[in-house]
Amino acid sequence: MKWVYRILSLIAAFFFLAPLVWMLIVSIKQEGMKIVTLVDWFTPPYSFAVYDEILSTTKLMNWTFNSFFVAVCVTILTVAVAAMASFAISKIPFRYRTAMFFFVLAGLLIPGEAVIIPLYQVAKDMNILNSYQGLILPALASPVAVIVLKSFFDGVPNELVESVQIDGAGVWRIFWSIMLPLTRPALASMAILTFIGSWNNFLWPFLSVTDDNLFTLPMGIPTLMNQYSEDYVKPMVINTLSSLPILLLFIVFERQIVKGISLTGIKG
Amino acid sequence: MRISKWRADLLALLFLLPFVLIYVLYTIWPMIKGVEMTFYKWTLIKKMSYVGWDNYNKMFHDREVWEAIWHSTLFVILTTPTMVVLAIVLALIANRKSRLRKLYRTVFFIPSVLSVAVASFLGLFIFQPYMGFVNTFLHLIRILPENSEIFWLTEVGLSWIAVSAITLWWTVGFNFILYLSAMQEIPDEIVEAARLDGANNWNVFWNVTLPHLSPITKTITMLQIIASFKVFLQIYIITGGGPLDKTRPIIQLIYQTGFRENDLGYAATMSYVVFVILLVLSAIQYWLNNRKEARA
């Protein structure tokens with residue numbers, strides 16, 4: 001019985017890895033080879049020539065930079081903005097506190113896809129189509145991030161905050177030197193998930209940017225792929241090159257990513 | 001926090017200002033603006049003319065719209081139950097005591113970090129006849145005879161299978177992690193006690209593990225329904241919505257209406273239908289969650 005489980009597990013693992021392995025193998029084949037069976041893909045000769053070609057003739061590097069730049073800005077600013085807002089809602093006893101909480105909560109019900117057409121018009125009116133601002137700004141107000149971080153700030157006892165206050169710390173000090181360090185795992189999880197979300201964001205960049213110098217990877221890839229109808233090697237090189245940064249990041253941060261998902265229960 | 005009333009208001013304002021400003025500008029304001037757009041003939045260049053309820057009337061009689069909504073719904077039906085079952089099975093595998101435990105966790109999750117564009121193009125090439133991975137693999141293990149090919153992407157039924165399969169492969173990782181951490185919360189004592197009472201693996205799974213997973217299953221199911229209903233790029237890349245628009249989801253139709261046919265007003269009207277559908281789904285989700293908490 002144990003062996004049955006073991007073999008079934010290995011088969012499952014095979015199906016999850018196989019497409020990726022195939023992608024890597026195809027990407028280092030030479031173009032125009034005759035392929036009849038699966039084994040043909042896995043027989044040498046191999047070559048990295050197409051990698052050089054893609055890197056030197058396309059804007060893939062440029063787009064990788066854009067994706068990184070946008071994702072880093074979005075991550076830092078989203079977490080900063082959400083942390084400040086959730087700190088206010090969690091710990092500052094202002095008027096309309098409950099109303100503000102529900103105002104943010106309502107945002108959870110508004111799917112980005114449903115406002116994307118009017119958002120396009122709004123961005124056009126503000127003249128931020130085809131710009132980094134246009135890619136970054138609309139992504140920054142994340143109600144999910146506020147609600148999740150609020151629940152973590154709520155976990156910091158009020159007695160602790162008040163005892164620090166008695167020692168003479170101001171509100172900013174409390175936020176910066178008490179709240180943020182105490183909720184670091186939650187902030188880190190939120191940051192990683194926001195980064196992955198931004199890195200993979202497709203629909204809004206796709207609609208708001210037409211200048212190919214400003215493309216991010218997910219929107220640049222389809223424009224490249226359309227040029228190759230019969231060839232397998234170039235598309236797989238493009239796939240591989242554009243996945244390498246996020247795969248490396250995953251390998252480095254795997255534990256935090258996994259913890260982040262179970263901690264916050266969100267998909268970035 | 002001890003603080004005077006007016007200072008609390010002032011500080012809260014400062015801390016909330018950046019969020020509220022962006023939130024209102026890029027979420028709330030477009031919501032309101034969108035209502036206006038639905039009453040106009042509105043092109044990519046400018047607002048044209050007031051048309052009253054014309055966009056709404058047109059939509060209720062537009063077969064393309066209802067077909068597209070049905071396609072999105074069909075995708076929900078195809079992917080949600082399979083996603084939940086697959087996620088539980090993978091979590092069971094990765095939760096077993098084994099030397100490969102960490103490896104399984106990594107392997108099942110790794111496709112989830114790929115971008116939707118990469119996953120979709122990988123899917124497009126994997127399901128090609130003659131040289132694609134799936135058909136050559138089926139030839140290799142002799143399930144498919146040497147000289148026959150399956151044309152995954154040109155037949156409606158097979159296209160749905162291909163698109164669903166690639167979506168499962170690509171996104172099951174998140175749900176898998178949620179299930180895995182829920183399973184690891186089950187105290188060992190309970191499992192051991194059940195075993196002392198003579199329970200076998202199947203009894204433990206059915207009477208201990210599965211009941212413990214039921215709250216997270218509700219959440220995952222609802223989130224999955226909403227996520228699947230919003231499907232766009234996988235289908236757009238892998239089948240292009242075809243053959244003959246038979247797999248085109250509603251988000252693709254909204255995009256084409258707005259940006260190909262230059263009719264933002266009509267596209268905005270359709271997005272409000274999507275919004276209402278998703279709102280109802282989210283409301284159900286909150287209701288389910290709150291009911292759970294009220295009972296606990």
# chains A, B, ... in the order shown; residues from 1 in each chain; ligands from 1

$ residues_around --residues "Val81 (chain A)" --least-positions-apart "3" --cutoff "12 Å" --atoms "only C-alpha atoms" --output "ChimeraX atom specification"
/A:73-78,84-88,137,139-143,145-146,149,187,191 /B:14-23

$ write_last_selection --atoms "N, CA and C atoms" --output "mmCIF file, in the first residue's frame"
data_model
loop_
_atom_site.group_PDB
_atom_site.id
_atom_site.type_symbol
_atom_site.label_atom_id
_atom_site.label_comp_id
_atom_site.auth_asym_id
_atom_site.auth_seq_id
_atom_site.Cartn_x
_atom_site.Cartn_y
_atom_site.Cartn_z
ATOM 1 N N CYS A 73 8.409 49.435 -6.924
ATOM 2 C CA CYS A 73 7.686 50.649 -6.506
ATOM 3 C C CYS A 73 6.330 50.286 -5.914
ATOM 4 N N VAL A 74 5.588 49.435 -6.630
ATOM 5 C CA VAL A 74 4.249 49.066 -6.169
ATOM 6 C C VAL A 74 4.330 48.390 -4.800
ATOM 7 N N THR A 75 5.320 47.487 -4.632
ATOM 8 C CA THR A 75 5.433 46.759 -3.366
ATOM 9 C C THR A 75 5.709 47.709 -2.210
ATOM 10 N N ILE A 76 6.756 48.545 -2.354
ATOM 11 C CA ILE A 76 7.127 49.442 -1.253
ATOM 12 C C ILE A 76 5.971 50.383 -0.918
ATOM 13 N N LEU A 77 5.410 51.004 -1.957
ATOM 14 C CA LEU A 77 4.380 52.008 -1.705
ATOM 15 C C LEU A 77 3.076 51.383 -1.196
ATOM 16 N N THR A 78 2.693 50.236 -1.770
ATOM 17 C CA THR A 78 1.455 49.594 -1.312
ATOM 18 C C THR A 78 1.536 49.251 0.164
ATOM 19 N N MET A 84 0.194 52.466 7.028
ATOM 20 C CA MET A 84 -0.228 53.717 7.666
ATOM 21 C C MET A 84 -1.742 53.724 7.884
ATOM 22 N N ALA A 85 -2.478 53.377 6.845
ATOM 23 C CA ALA A 85 -3.938 53.417 6.956
ATOM 24 C C ALA A 85 -4.438 52.427 8.004
ATOM 25 N N SER A 86 -3.886 51.209 7.996
ATOM 26 C CA SER A 86 -4.407 50.213 8.934
ATOM 27 C C SER A 86 -3.986 50.548 10.366
ATOM 28 N N PHE A 87 -2.823 51.202 10.533
ATOM 29 C CA PHE A 87 -2.428 51.656 11.869
ATOM 30 C C PHE A 87 -3.456 52.657 12.403
ATOM 31 N N ALA A 88 -3.850 53.617 11.570
ATOM 32 C CA ALA A 88 -4.837 54.610 11.996
ATOM 33 C C ALA A 88 -6.138 53.925 12.398
ATOM 34 N N LEU A 137 0.522 53.996 -9.988
ATOM 35 C CA LEU A 137 -0.443 54.647 -9.083
ATOM 36 C C LEU A 137 -1.749 53.861 -8.857
ATOM 37 N N ALA A 139 -2.373 50.904 -8.756
ATOM 38 C CA ALA A 139 -2.199 49.627 -8.051
ATOM 39 C C ALA A 139 -1.967 49.808 -6.551
ATOM 40 N N LEU A 140 -1.810 51.056 -6.097
ATOM 41 C CA LEU A 140 -1.287 51.257 -4.740
ATOM 42 C C LEU A 140 -2.300 51.107 -3.613
ATOM 43 N N ALA A 141 -3.565 51.407 -3.864
ATOM 44 C CA ALA A 141 -4.538 51.338 -2.776
ATOM 45 C C ALA A 141 -5.142 49.946 -2.739
ATOM 46 N N SER A 142 -4.630 49.099 -1.855
ATOM 47 C CA SER A 142 -5.109 47.722 -1.780
ATOM 48 C C SER A 142 -5.937 47.522 -0.510
ATOM 49 N N PRO A 143 -7.264 47.478 -0.629
ATOM 50 C CA PRO A 143 -8.100 47.251 0.554
ATOM 51 C C PRO A 143 -7.739 45.954 1.265
ATOM 52 N N ALA A 145 -4.841 44.576 1.598
ATOM 53 C CA ALA A 145 -3.655 44.789 2.421
ATOM 54 C C ALA A 145 -4.030 45.520 3.709
ATOM 55 N N VAL A 146 -4.899 46.526 3.614
ATOM 56 C CA VAL A 146 -5.309 47.271 4.811
ATOM 57 C C VAL A 146 -6.029 46.357 5.798
ATOM 58 N N LEU A 149 -3.490 43.767 7.308
ATOM 59 C CA LEU A 149 -2.547 44.384 8.246
ATOM 60 C C LEU A 149 -3.255 44.886 9.496
ATOM 61 N N LEU A 187 4.178 42.045 7.442
ATOM 62 C CA LEU A 187 4.569 43.035 6.430
ATOM 63 C C LEU A 187 5.376 42.373 5.320
ATOM 64 N N ALA A 191 4.437 42.079 1.456
ATOM 65 C CA ALA A 191 5.333 42.626 0.435
ATOM 66 C C ALA A 191 5.606 41.594 -0.656
ATOM 67 N N LEU B 14 -3.824 62.290 8.697
ATOM 68 C CA LEU B 14 -2.502 62.226 8.066
ATOM 69 C C LEU B 14 -2.133 60.797 7.678
ATOM 70 N N PHE B 15 -2.429 59.847 8.585
ATOM 71 C CA PHE B 15 -2.066 58.459 8.303
ATOM 72 C C PHE B 15 -2.925 57.847 7.195
ATOM 73 N N LEU B 16 -4.168 58.311 7.108
ATOM 74 C CA LEU B 16 -5.079 57.724 6.132
ATOM 75 C C LEU B 16 -5.004 58.391 4.768
ATOM 76 N N LEU B 17 -4.482 59.621 4.756
ATOM 77 C CA LEU B 17 -4.551 60.431 3.543
ATOM 78 C C LEU B 17 -4.012 59.737 2.286
ATOM 79 N N PRO B 18 -2.784 59.190 2.312
ATOM 80 C CA PRO B 18 -2.270 58.592 1.065
ATOM 81 C C PRO B 18 -3.179 57.482 0.550
ATOM 82 N N PHE B 19 -3.611 56.599 1.463
ATOM 83 C CA PHE B 19 -4.462 55.490 1.020
ATOM 84 C C PHE B 19 -5.778 56.003 0.455
ATOM 85 N N VAL B 20 -6.443 56.862 1.217
ATOM 86 C CA VAL B 20 -7.775 57.317 0.810
ATOM 87 C C VAL B 20 -7.707 58.066 -0.515
ATOM 88 N N LEU B 21 -6.679 58.887 -0.673
ATOM 89 C CA LEU B 21 -6.518 59.658 -1.903
ATOM 90 C C LEU B 21 -6.444 58.734 -3.118
ATOM 91 N N ILE B 22 -5.570 57.732 -3.053
ATOM 92 C CA ILE B 22 -5.400 56.819 -4.192
ATOM 93 C C ILE B 22 -6.633 55.949 -4.387
ATOM 94 N N TYR B 23 -7.183 55.525 -3.273
ATOM 95 C CA TYR B 23 -8.372 54.662 -3.292
ATOM 96 C C TYR B 23 -9.547 55.370 -3.969
#

$ select_by_dssp --residues "region 128-241 of chain B" --states "alpha helix (DSSP H)" --output "compact mmCIF listing (two decimals) with N, CA and C atoms, in the first residue's frame"
# COMPACT_ATOMS: atom_id res chain seq x y z
N PHE B 133 4.15 18.71 -26.25
CA PHE B 133 4.50 17.76 -25.21
C PHE B 133 3.42 16.71 -25.00
N VAL B 134 2.16 17.14 -24.89
CA VAL B 134 1.10 16.21 -24.52
C VAL B 134 0.96 15.07 -25.53
N ASN B 135 0.86 15.44 -26.81
CA ASN B 135 0.69 14.39 -27.82
C ASN B 135 1.91 13.49 -27.93
N THR B 136 3.11 14.07 -27.91
CA THR B 136 4.30 13.21 -28.01
C THR B 136 4.41 12.31 -26.77
N PHE B 137 3.97 12.83 -25.62
CA PHE B 137 4.01 12.01 -24.41
C PHE B 137 3.00 10.86 -24.52
N LEU B 138 1.81 11.17 -25.03
CA LEU B 138 0.79 10.12 -25.19
C LEU B 138 1.26 9.07 -26.19
N HIS B 139 2.00 9.50 -27.23
CA HIS B 139 2.59 8.53 -28.16
C HIS B 139 3.58 7.64 -27.43
N LEU B 140 4.42 8.27 -26.62
CA LEU B 140 5.49 7.56 -25.93
C LEU B 140 4.94 6.46 -25.03
N VAL B 156 -14.00 22.54 -29.67
CA VAL B 156 -14.47 23.29 -28.50
C VAL B 156 -14.27 22.51 -27.20
N GLY B 157 -14.76 21.26 -27.17
CA GLY B 157 -14.67 20.47 -25.95
C GLY B 157 -13.23 20.28 -25.49
N LEU B 158 -12.37 19.91 -26.44
CA LEU B 158 -10.96 19.68 -26.10
C LEU B 158 -10.27 20.98 -25.67
N SER B 159 -10.64 22.11 -26.30
CA SER B 159 -10.04 23.39 -25.89
C SER B 159 -10.34 23.68 -24.44
N TRP B 160 -11.60 23.43 -24.03
CA TRP B 160 -11.93 23.67 -22.63
C TRP B 160 -11.08 22.81 -21.71
N ILE B 161 -10.87 21.53 -22.11
CA ILE B 161 -10.04 20.65 -21.28
C ILE B 161 -8.62 21.20 -21.19
N ALA B 162 -8.08 21.62 -22.34
CA ALA B 162 -6.71 22.12 -22.36
C ALA B 162 -6.57 23.38 -21.50
N VAL B 163 -7.49 24.32 -21.68
CA VAL B 163 -7.39 25.57 -20.92
C VAL B 163 -7.58 25.30 -19.43
N SER B 164 -8.52 24.43 -19.07
CA SER B 164 -8.72 24.12 -17.66
C SER B 164 -7.50 23.42 -17.08
N ALA B 165 -6.94 22.49 -17.84
CA ALA B 165 -5.78 21.74 -17.33
C ALA B 165 -4.62 22.69 -17.05
N ILE B 166 -4.36 23.60 -17.98
CA ILE B 166 -3.22 24.49 -17.78
C ILE B 166 -3.48 25.45 -16.62
N THR B 167 -4.76 25.84 -16.44
CA THR B 167 -5.10 26.72 -15.32
C THR B 167 -4.92 26.00 -13.99
N LEU B 168 -5.34 24.72 -13.94
CA LEU B 168 -5.16 23.94 -12.73
C LEU B 168 -3.68 23.84 -12.39
N TRP B 169 -2.89 23.47 -13.40
CA TRP B 169 -1.45 23.31 -13.20
C TRP B 169 -0.83 24.61 -12.68
N TRP B 170 -1.28 25.71 -13.27
CA TRP B 170 -0.65 26.99 -12.97
C TRP B 170 -1.07 27.54 -11.61
N THR B 171 -2.37 27.40 -11.21
CA THR B 171 -2.83 28.11 -10.01
C THR B 171 -3.17 27.24 -8.81
N VAL B 172 -3.10 25.91 -8.93
CA VAL B 172 -3.52 25.09 -7.81
C VAL B 172 -2.59 25.27 -6.61
N GLY B 173 -1.37 25.75 -6.85
CA GLY B 173 -0.36 25.90 -5.80
C GLY B 173 -0.83 26.69 -4.59
N PHE B 174 -1.51 27.81 -4.84
CA PHE B 174 -1.95 28.64 -3.71
C PHE B 174 -2.93 27.89 -2.82
N ASN B 175 -3.92 27.26 -3.45
CA ASN B 175 -4.91 26.51 -2.67
C ASN B 175 -4.26 25.32 -1.97
N PHE B 176 -3.30 24.70 -2.66
CA PHE B 176 -2.55 23.59 -2.08
C PHE B 176 -1.86 24.02 -0.77
N ILE B 177 -1.22 25.19 -0.81
CA ILE B 177 -0.53 25.68 0.40
C ILE B 177 -1.53 25.93 1.53
N LEU B 178 -2.68 26.52 1.19
CA LEU B 178 -3.70 26.79 2.22
C LEU B 178 -4.18 25.48 2.85
N TYR B 179 -4.39 24.45 2.02
CA TYR B 179 -4.82 23.16 2.57
C TYR B 179 -3.72 22.51 3.40
N LEU B 180 -2.49 22.61 2.89
CA LEU B 180 -1.37 22.00 3.61
C LEU B 180 -1.24 22.60 5.00
N SER B 181 -1.33 23.93 5.10
CA SER B 181 -1.17 24.51 6.43
C SER B 181 -2.38 24.18 7.31
N ALA B 182 -3.56 24.05 6.71
CA ALA B 182 -4.72 23.64 7.52
C ALA B 182 -4.52 22.21 8.04
N MET B 183 -3.97 21.33 7.19
CA MET B 183 -3.74 19.95 7.63
C MET B 183 -2.71 19.88 8.75
N GLN B 184 -1.69 20.76 8.65
CA GLN B 184 -0.65 20.71 9.67
C GLN B 184 -1.12 21.23 11.02
N ASP B 188 -1.71 16.07 16.33
CA ASP B 188 -1.35 14.66 16.16
C ASP B 188 -2.15 13.75 17.10
N GLU B 189 -2.46 14.28 18.32
CA GLU B 189 -3.14 13.44 19.32
C GLU B 189 -4.47 12.93 18.77
N ILE B 190 -5.19 13.81 18.06
CA ILE B 190 -6.50 13.41 17.55
C ILE B 190 -6.35 12.25 16.57
N VAL B 191 -5.35 12.38 15.67
CA VAL B 191 -5.13 11.32 14.69
C VAL B 191 -4.74 10.03 15.40
N GLU B 192 -3.85 10.15 16.39
CA GLU B 192 -3.41 8.94 17.11
C GLU B 192 -4.55 8.29 17.87
N ALA B 193 -5.39 9.14 18.49
CA ALA B 193 -6.54 8.61 19.23
C ALA B 193 -7.45 7.84 18.29
N ALA B 194 -7.67 8.41 17.09
CA ALA B 194 -8.53 7.75 16.11
C ALA B 194 -7.94 6.39 15.73
N ARG B 195 -6.60 6.37 15.57
CA ARG B 195 -5.95 5.11 15.18
C ARG B 195 -6.06 4.06 16.28
N LEU B 196 -5.92 4.52 17.55
CA LEU B 196 -6.07 3.57 18.66
C LEU B 196 -7.45 2.96 18.67
N ASN B 201 -6.39 4.51 7.38
CA ASN B 201 -6.09 5.77 6.70
C ASN B 201 -7.35 6.44 6.18
N TRP B 202 -8.19 5.62 5.55
CA TRP B 202 -9.39 6.16 4.92
C TRP B 202 -10.32 6.77 5.97
N ASN B 203 -10.51 6.05 7.11
CA ASN B 203 -11.36 6.58 8.19
C ASN B 203 -10.81 7.91 8.70
N VAL B 204 -9.48 7.95 8.90
CA VAL B 204 -8.86 9.17 9.42
C VAL B 204 -9.12 10.33 8.47
N LEU B 210 -10.97 15.64 6.76
CA LEU B 210 -11.92 16.37 5.92
C LEU B 210 -12.82 17.34 6.69
N PRO B 211 -13.39 16.93 7.85
CA PRO B 211 -14.18 17.90 8.62
C PRO B 211 -13.35 19.11 9.03
N HIS B 212 -12.06 18.84 9.36
CA HIS B 212 -11.20 19.94 9.77
C HIS B 212 -10.98 20.92 8.62
N LEU B 213 -11.06 20.44 7.39
CA LEU B 213 -10.77 21.29 6.23
C LEU B 213 -12.01 22.06 5.75
N SER B 214 -13.16 21.79 6.37
CA SER B 214 -14.36 22.35 5.77
C SER B 214 -14.44 23.89 5.79
N PRO B 215 -13.99 24.58 6.87
CA PRO B 215 -14.04 26.05 6.80
C PRO B 215 -13.17 26.60 5.67
N ILE B 216 -11.93 26.12 5.54
CA ILE B 216 -11.03 26.64 4.50
C ILE B 216 -11.56 26.27 3.12
N THR B 217 -12.25 25.14 3.03
CA THR B 217 -12.82 24.76 1.73
C THR B 217 -13.87 25.77 1.27
N LYS B 218 -14.69 26.24 2.20
CA LYS B 218 -15.69 27.26 1.84
C LYS B 218 -15.01 28.49 1.28
N THR B 219 -13.98 28.96 1.99
CA THR B 219 -13.28 30.17 1.55
C THR B 219 -12.65 29.94 0.18
N ILE B 220 -11.92 28.82 0.05
CA ILE B 220 -11.22 28.55 -1.21
C ILE B 220 -12.22 28.44 -2.35
N THR B 221 -13.34 27.77 -2.12
CA THR B 221 -14.33 27.59 -3.19
C THR B 221 -14.83 28.94 -3.68
N MET B 222 -15.18 29.81 -2.75
CA MET B 222 -15.71 31.11 -3.17
C MET B 222 -14.65 31.94 -3.89
N LEU B 223 -13.45 31.98 -3.34
CA LEU B 223 -12.39 32.76 -3.99
C LEU B 223 -12.11 32.21 -5.38
N GLN B 224 -12.18 30.88 -5.51
CA GLN B 224 -11.91 30.25 -6.79
C GLN B 224 -13.01 30.57 -7.80
N ILE B 225 -14.24 30.57 -7.35
CA ILE B 225 -15.34 30.91 -8.25
C ILE B 225 -15.14 32.31 -8.80
N ILE B 226 -14.81 33.25 -7.90
CA ILE B 226 -14.62 34.63 -8.34
C ILE B 226 -13.43 34.73 -9.29
N ALA B 227 -12.31 34.09 -8.92
CA ALA B 227 -11.11 34.16 -9.77
C ALA B 227 -11.38 33.53 -11.13
N SER B 228 -12.05 32.39 -11.16
CA SER B 228 -12.30 31.72 -12.43
C SER B 228 -13.25 32.52 -13.31
N PHE B 229 -14.20 33.20 -12.69
CA PHE B 229 -15.15 33.98 -13.48
C PHE B 229 -14.44 35.12 -14.20
N LEU B 233 -6.78 35.96 -19.91
CA LEU B 233 -5.60 35.79 -20.75
C LEU B 233 -5.32 34.35 -21.17
N GLN B 234 -5.52 33.37 -20.26
CA GLN B 234 -5.25 31.98 -20.66
C GLN B 234 -6.05 31.65 -21.92
N ILE B 235 -7.34 31.98 -21.89
CA ILE B 235 -8.19 31.64 -23.03
C ILE B 235 -7.80 32.49 -24.24
N TYR B 236 -7.55 33.76 -24.01
CA TYR B 236 -7.21 34.67 -25.11
C TYR B 236 -5.97 34.18 -25.87
N ILE B 237 -4.98 33.69 -25.12
CA ILE B 237 -3.74 33.24 -25.76
C ILE B 237 -3.90 31.83 -26.32
N ILE B 238 -4.50 30.93 -25.57
CA ILE B 238 -4.49 29.53 -25.97
C ILE B 238 -5.50 29.26 -27.10

$ closest_residue --among "A:Val70, A:Leu60, A:Ala12, A:Met33" --to "chain B" --atoms "only C-alpha atoms"
A:Ala12

$ closest_residue --among "B:Leu122, B:Glu185, B:Val274, B:Asp263" --to "Ser27 (chain A)" --atoms "only C-alpha atoms"
B:Leu122

$ closest_residue --among "B:Lys246, B:Arg63, B:Arg260, B:Lys230" --to "chain A" --atoms "only C-alpha atoms"
B:Lys230

$ residues_around --residues "Tyr232 (chain A)" --least-positions-apart "3" --cutoff "12 Å" --atoms "only C-alpha atoms" --output "PyMOL selection string"
(chain A and resi 22-35+41+50+225+227-229+235-239) or (chain B and resi 121-122+124-126+128+130-133)

$ residues_around --residues "region 104-115 of chain A" --least-positions-apart "5" --cutoff "8 Å" --atoms "only C-alpha atoms" --output "JSON list (two decimals) with C-alpha atoms, in the first residue's frame"
[["chain", "number", "residue", "atom", "x", "y", "z"],
["A", 143, "PRO", "CA", -8.10, 47.25, 0.55],
["A", 144, "VAL", "CA", -7.02, 43.63, 1.10],
["A", 146, "VAL", "CA", -5.31, 47.27, 4.81],
["A", 147, "ILE", "CA", -7.77, 44.70, 6.17],
["B", 27, "THR", "CA", -11.23, 52.83, -7.45],
["B", 30, "PRO", "CA", -13.94, 55.15, -11.77],
["B", 31, "MET", "CA", -16.87, 53.26, -10.21],
["B", 34, "GLY", "CA", -18.44, 54.15, -15.12],
["B", 230, "LYS", "CA", -12.59, 36.70, -14.23],
["B", 251, "ILE", "CA", -13.77, 39.81, -19.89],
["B", 268, "ALA", "CA", -18.62, 49.74, -19.37],
["B", 271, "SER", "CA", -18.54, 45.44, -16.85],
["B", 272, "TYR", "CA", -21.37, 46.47, -14.56],
["B", 274, "VAL", "CA", -19.81, 41.44, -14.26],
["B", 275, "PHE", "CA", -19.63, 43.66, -11.21],
["B", 278, "LEU", "CA", -19.20, 39.22, -8.62],
["B", 279, "LEU", "CA", -20.91, 41.31, -5.95],
["B", 282, "SER", "CA", -18.83, 38.00, -2.73]]

$ residues_around --residues "Gly265 (chain B)" --least-positions-apart "5" --cutoff "6 Å" --atoms "only C-alpha atoms" --output "list in words"
Met37, Thr38, Tyr40, Lys41 and Trp42 of chain B

$ write_last_selection --atoms "C-alpha atoms" --output "tab-separated table (two decimals), in the first residue's frame"
chain	number	residue	atom	x	y	z
B	37	MET	CA	-20.31	56.04	-19.31
B	38	THR	CA	-23.02	53.41	-19.57
B	40	TYR	CA	-23.36	57.43	-23.49
B	41	LYS	CA	-21.98	56.49	-26.83
B	42	TRP	CA	-18.38	56.82	-25.73

$ atom_distance --atom1 "CA of Arg2 (chain B)" --atom2 "CA of Met190 (chain A)"
29.0 Å

$ closest_residue --among "B:Thr106, B:Leu25, B:Asn57, B:Val89" --to "Met126 (chain A)" --atoms "only C-alpha atoms"
B:Leu25

$ atom_distance --atom1 "CA of Val258 (chain A)" --atom2 "CA of Val156 (chain A)"
23.5 Å

$ residues_around --residues "Thr64 (chain A)" --least-positions-apart "4" --cutoff "10 Å" --atoms "only C-alpha atoms" --output "JSON, numbers by chain"
{"A": [59, 60, 68, 69, 70, 199, 215, 216, 217, 218, 220, 241, 242, 243, 245]}

$ write_last_selection --atoms "N, CA and C atoms" --output "JSON list (two decimals), in the first residue's frame"
[["chain", "number", "residue", "atom", "x", "y", "z"],
["A", 59, "LYS", "N", 13.36, 43.50, -26.92],
["A", 59, "LYS", "CA", 13.41, 44.39, -25.77],
["A", 59, "LYS", "C", 13.16, 43.66, -24.46],
["A", 60, "LEU", "N", 13.43, 42.34, -24.46],
["A", 60, "LEU", "CA", 13.11, 41.54, -23.29],
["A", 60, "LEU", "C", 13.79, 42.06, -22.01],
["A", 68, "PHE", "N", 10.45, 44.80, -13.04],
["A", 68, "PHE", "CA", 11.09, 44.92, -11.73],
["A", 68, "PHE", "C", 10.83, 46.28, -11.11],
["A", 69, "PHE", "N", 11.06, 47.31, -11.91],
["A", 69, "PHE", "CA", 10.92, 48.67, -11.41],
["A", 69, "PHE", "C", 9.50, 48.91, -10.90],
["A", 70, "VAL", "N", 8.52, 48.55, -11.74],
["A", 70, "VAL", "CA", 7.12, 48.75, -11.36],
["A", 70, "VAL", "C", 6.79, 47.91, -10.12],
["A", 199, "TRP", "N", 4.20, 41.68, -10.45],
["A", 199, "TRP", "CA", 5.05, 41.07, -11.49],
["A", 199, "TRP", "C", 4.19, 40.38, -12.55],
["A", 215, "PHE", "N", 6.54, 48.53, -21.85],
["A", 215, "PHE", "CA", 5.91, 47.24, -21.61],
["A", 215, "PHE", "C", 6.50, 46.57, -20.39],
["A", 216, "THR", "N", 5.63, 45.84, -19.66],
["A", 216, "THR", "CA", 6.15, 44.91, -18.66],
["A", 216, "THR", "C", 6.18, 43.53, -19.32],
["A", 217, "LEU", "N", 6.83, 42.56, -18.66],
["A", 217, "LEU", "CA", 7.00, 41.25, -19.28],
["A", 217, "LEU", "C", 5.68, 40.58, -19.71],
["A", 218, "PRO", "N", 4.67, 40.52, -18.81],
["A", 218, "PRO", "CA", 3.46, 39.79, -19.22],
["A", 218, "PRO", "C", 2.82, 40.36, -20.47],
["A", 220, "GLY", "N", 4.55, 42.19, -22.83],
["A", 220, "GLY", "CA", 5.50, 42.15, -23.92],
["A", 220, "GLY", "C", 5.57, 40.78, -24.57],
["A", 241, "LEU", "N", 13.52, 32.89, -20.28],
["A", 241, "LEU", "CA", 14.19, 34.12, -19.85],
["A", 241, "LEU", "C", 13.28, 34.98, -18.98],
["A", 242, "SER", "N", 12.00, 35.04, -19.34],
["A", 242, "SER", "CA", 11.14, 35.92, -18.54],
["A", 242, "SER", "C", 10.71, 35.28, -17.23],
["A", 243, "SER", "N", 10.92, 33.97, -17.07],
["A", 243, "SER", "CA", 10.59, 33.33, -15.79],
["A", 243, "SER", "C", 11.77, 33.27, -14.84],
["A", 245, "PRO", "N", 13.96, 35.40, -13.46],
["A", 245, "PRO", "CA", 14.05, 36.25, -12.27],
["A", 245, "PRO", "C", 13.09, 35.83, -11.16]]

$ atom_distance --atom1 "CA of Phe101 (chain A)" --atom2 "CA of Tyr286 (chain B)"
15.7 Å
